[in-house]
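Q: Have a look at the structure that comes next, please.
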Amino acid sequence: MRFLLVCLLAIIVIPLSANSIFAEQGTYANKIKFIQYLDENTALEEVKNGNLDFYYYRISSDRIENTKSREGINVYDSTGGSYSILVNPAESEEFNPFSIRDVRFALNYLIDRKLIVNELMGGFGTTMISNYGPFDTDYLLILNQLEEFQFRYNPSLADKMISDALEKNGATTMNGKWFYGEDPINITIFIRSDDPVRKSIGEILASNLEKIGFTVTKDFGDLNKAFVVVYGSNPSDLKWNLYTEGWAGRSAFVKYDSLGLAQMYSPWFSNMPGFNDPSYWNYKNDYLDGITQRIYTGNFSSSTERTSLIQEATTEAISESVRIFLASKIDQYVVNENVLGVVNDFGAGVPSRFTAINSRSSSDTLNIGVKQIYQGAWNPVMGLGDSYSTQIWYTIFDPALFKHPYTGETFPIRSNWKVETAGPNGKLNVPSEAIIWNPNTKSWVEVKDGIKATSKVRFDLTLGNWHHGRPMDMNDILHSIYFTLEWGSQKQDDDKTFDTEFTPRAAQVVNTLVGIVPIDDDTIDVYVDYWHFDDAEIADWASMWSSMPWEIFASMEQAVMDGKVSFSRSGAVSKNVNWLSLIIPKDSQIIKEYLEKYRDSNFVPKSLESFVSDEHYFESRYVSSINWIEKYNHAVISNGPYYLDGYSPESRTIQVNAFADESYPFGAGYWGEFENVRFPKIVGVGVPDFVIRGEKSGFSIQTDSASQIQFFISNPEGLVVSAGTLEIPADLVNIELSPEETSLLGVGANNIKLFVISDSVLRPDIFTTSFLAVDDPEQVIPKTIVDDSLSDSAIDDSYLYVFLLILTLVIVFILFFFREKIKTLKH
């Protein structure tokens with residue numbers, strides 16, 4: 001149930017305004033065509049010419065660096081994406097140098113992060129060493145931990161660290177090459193050739209490793225190949241040692257990132273080498289698992305304890321160096337100048353869910369260029385995980401709740417909520433009518449007498465119709481809860497409701513869900529053992545929703561249990577079946593066959609048999625989904641402002657049409673408030689010419705549209721001597737340093753780093769500069785002394801210069817006047 005997980009489970013979270021009105025169409029455009037453009041230069045020209053309205057992929061900065069190159073377009077800067085190296089730490093029959101932690105860690109000194117940012121990315125980015133970049137809200141919490149690593153490009157140090165570690169483990173060198181026994185130590189780097197930056201990163205890293213003495217094999221490919229070679233193979237087979245990863249911005253900006261550390265570093269999340277496939281070698285780190293699970297499930301008693309957990313996890317993750325982060329991206333998106341309504345989400349950027357919904361032009365059709373039209377798989381359980389598919393999916397699907405594009409706070413889309421909590425230490429009584437799904441008895445049961453929960457959330461849902469015309473109802477919600485509890489339960493012998501990727505994630509939700517009480521047709525109470533210091537985060541965790549009709553879920557589930565397809569990529573590879581994709585005709589026909597069986601047999605899912613007695617209800621659902629698949633040749637049915645009209649592999653296009661249904665709750669322009677945003681700015685910084693160590697000093701900062709400033713002052717050794725957070729009254733704030741703090745400064749250049757934010761915009765403006773600290777002011781020639789040398793005599797001289805200038809001008813004027821007079825007399 002946490003927002004980021006919910007997207008994967010199809011139980012997604014997000015409520016809507018209490019005063020919502022029901023509209024016939026929720027968009028300005030009648031349809032959107034998503035068109036593949038692999039070449040960014042061609043896409044740029046198409047946007048300029050008006051053949052494309054947007055391009056949902058970054059454009060190289062050198063193509064839009066001046067006014068002429070920006071004619072006909074608007075350029076939007078966006079942050080959120082990043083580059084990393086995934087390292088294979090598997091132990092194998094063949095020697096793997098990266099199974100040694102010190103060798104992995106040494107890569108941090110072998111990679112020139114500044115070169116990547118300044119040269120490969122054209123300066124549009126910042127270096128990073130953890131999953132948190134400088135524009136992430138949790139970044140400031142770990143700044144001290146990051147500074148302690150002091151990573152700098154130092155290939156000599158990397159060589160020494162690697163050599164020491166290899167020799168300790170029995171490797172030897174011969175003619176400048178590393179050997180283990182009689183075999184050269186070979187490293188295979190899987191390099192993404194479809195991304196110029198990652199291709200260059202891979203080439204440079206390969207060269208540096210060869211210089212150290214490794215034999216390097218370069219394997220080039222795109223994401224589809226990576227799904228097989230990297231994410232779909234047993235790490236101990238050593239089909240790869242290093243992989244140049246790239247991460248798009250999140251689907252939404254988040255204020256409290258509960259999942260990022262788990263996703264990027266923790267084995268339990270099924271995103272580390274081995275991916276929790278029981279038949280593979282798997283990376284293990286119980287310490288990281290424990291910490292990140294506590295962060296994810298709200299197992300902390302205060303914001304301070306949460307911060308400590310994040311700091312501990314970050315330090316361990318960087319030290320392990322199984323996933324090494326390199327740089328965060330500042331992507332530049334181009335939009336035709338005639339298009340209005342862009343919402344540049346701080347996480348997703350221009351391709352946010354609100355842009356396509358809110359945008360408008362002179363045409364009733366939006367043409368959007370995309371880098372890839374289809375990669376991965378389209379299913380709401382463990383598909384729809386790549387940025388290319390999610391950008392389209394979020395035009396089709398309305399979640400229950402979502403994240404504000406500029407604050408990252410949870411806010412309502414299709415449900416409102418009321419939170420009651422006794423947390424972090426108290427408990428609430430759970431009513432006897434509360435129920436829970438029992439995976440052992442395969443039935444809903446009443447909760448045990450006397451059971452208690454930390455929090456209760458009442459959700460008032462805004463349902464409306466599914467795209468196939470049938471009303472969304474409480475049965476869809478109940479079935480989605482059943483699905484999470486059934487597939488998130490511990491694996492039993494011959495358990496068919498288990499997925500190597502989905503189950504470990506869903507299990508975290510299962511462990512906290514105490515019970516539910518359906519109140520009426522659109523209201524449900526949810527009891528959870530979860531607490532957060534922000535009530536909206538409790539609602540996020542407890543949210544119950546469904547992204548597709550229950551009959552589609554039931555059909556998918558049975559197809560997976562029968563071994564015809566798999567929900568996840570790793571499951572598909574290990575079982576040698578298709579990764580279920582509802583947009584593909586072959587897979588949608590499998591779903592249709594199950595729907596027809598259910599229709600013909602009057603099938604009632606166990607999850608719903610105690611709630612519905614009208615068999616015509618079930619038949620109408622099956623028939624509606626069957627008719628949809630027959631009409632559109634796919635099984636993607638959801639509830640958003642657009643519906644999927646079709647996918648054409650031949651033309652590499654996907655078209656979505658406006659869902660013109662009177663039950664849809666939002667009219668065109670409903671999200672227009674997100675179009676314009678005022679960013680906090682640092683306008684000026686008053687830095688003293690020098691600070692005398694051991695004496696009081698300070699800085700003055702002028703801002704605009706900012707409410708809070710965070711500052712870090714460090715000495716030349718990197719030690720933070722002063723840090724804090726201050727409120728900003730009337731756009732002016734002073735940072736004061738005590739004599740004790742200035743005594744910790746170093747003689748010479750010290751540093752100050754400033755971050756300002758506002759209550760409505762959590763993207764900071766960042767300023768960094770250095771200042772001089774001395775023991776004796778006579779050691780320097782202060783600027784103020786030079787300025788004071790403008791004494792009375794100097795001032796007198798300046799007056800003399802002004803007088804002479806005026807006199808000269810007067811003489812010139814007189815001469816010009818008499819010259820004109822003479823000319824007149826001559827005539």
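Chain lettering (A, B, ...) mirrors the order of the structure tokens, residue numbering begins at 1 for each chain separately, and ligand numbering begins at 1 in order of display.
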Just the residues within 10 Å of Lys496 (chain A), please, counting only C-alpha atoms, with nothing from its chain fewer than 6 positions along; format it as a list in words.
A: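 Final neighbour list, sorted by chain and number: Trp487, Glu557, Gln558, Val560, Met561, Asp562 and Gly563 of chain A.
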Q: Neighbours of Ala106 (chain A) within 12 Å (only C-alpha atoms; same-chain residues fewer than 6 positions away dropped), as a PyMOL selection string?
A: chain A and resi 87+97-98+100+149+151-166+209+212+318-322+324
Q: Do you know which residues are at most 12 Å from Glu740 (chain A) counting only C-alpha atoms, after dropping those on the same chain fewer than 2 positions away, and could you put them as a list in words?
A: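 Everything that qualifies: Ile692, Arg693, Gly694, Glu695, Lys696, Ser697, Val721, Ser722, Glu736, Leu737, Ser738, Thr742, Ser743, Leu744 and Leu745 of chain A.
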Q: Using 9 Å as the limit and counting only C-alpha atoms, can you tabulate each residue of region 336-420 of chain A that touches region 230-248 of chain A, with its shortest atom-to-atom distance in Å and the two atoms involved, as a tab-separated table?
A:
```
residue	atom	partner	partner_atom	distance
A:Gly347	CA	A:Ala248	CA	8.8
A:Ala348	CA	A:Ala248	CA	7.6
A:Asp386	CA	A:Ala248	CA	8.5
A:Ser387	CA	A:Ala248	CA	6.3
```
Q: Could you build a table of the residues in region 9-128 of chain A lying no more than 12 Å from region 391-395 of chain A, giving for each the nearest pair of atoms and their separation in Å rounded to one decimal place, using only C-alpha atoms, ordered by chain and ascending residue number, as a Markdown table?
A:
```
| residue | atom | partner | partner_atom | distance |
| --- | --- | --- | --- | --- |
| A:Ala10 | CA | A:Trp393 | CA | 11.9 |
| A:Ile12 | CA | A:Tyr394 | CA | 11.7 |
| A:Gly26 | CA | A:Thr395 | CA | 10.7 |
| A:Thr27 | CA | A:Thr395 | CA | 10.0 |
| A:Ala29 | CA | A:Thr395 | CA | 11.8 |
| A:Lys31 | CA | A:Thr395 | CA | 10.7 |
| A:Ile32 | CA | A:Thr395 | CA | 9.4 |
| A:Lys33 | CA | A:Ile392 | CA | 10.0 |
| A:Phe34 | CA | A:Ile392 | CA | 8.0 |
| A:Ile35 | CA | A:Ile392 | CA | 11.1 |
| A:Tyr55 | CA | A:Gln391 | CA | 11.6 |
| A:Tyr56 | CA | A:Gln391 | CA | 8.4 |
| A:Tyr57 | CA | A:Gln391 | CA | 10.7 |
```
Q: To one decimal place, how far is CA of Val47 (chain A) from CA of Gly667 (chain A) in Å?
A: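 So the two atoms, CA of Val47 (chain A) and CA of Gly667 (chain A), lie 27.5 Å apart.
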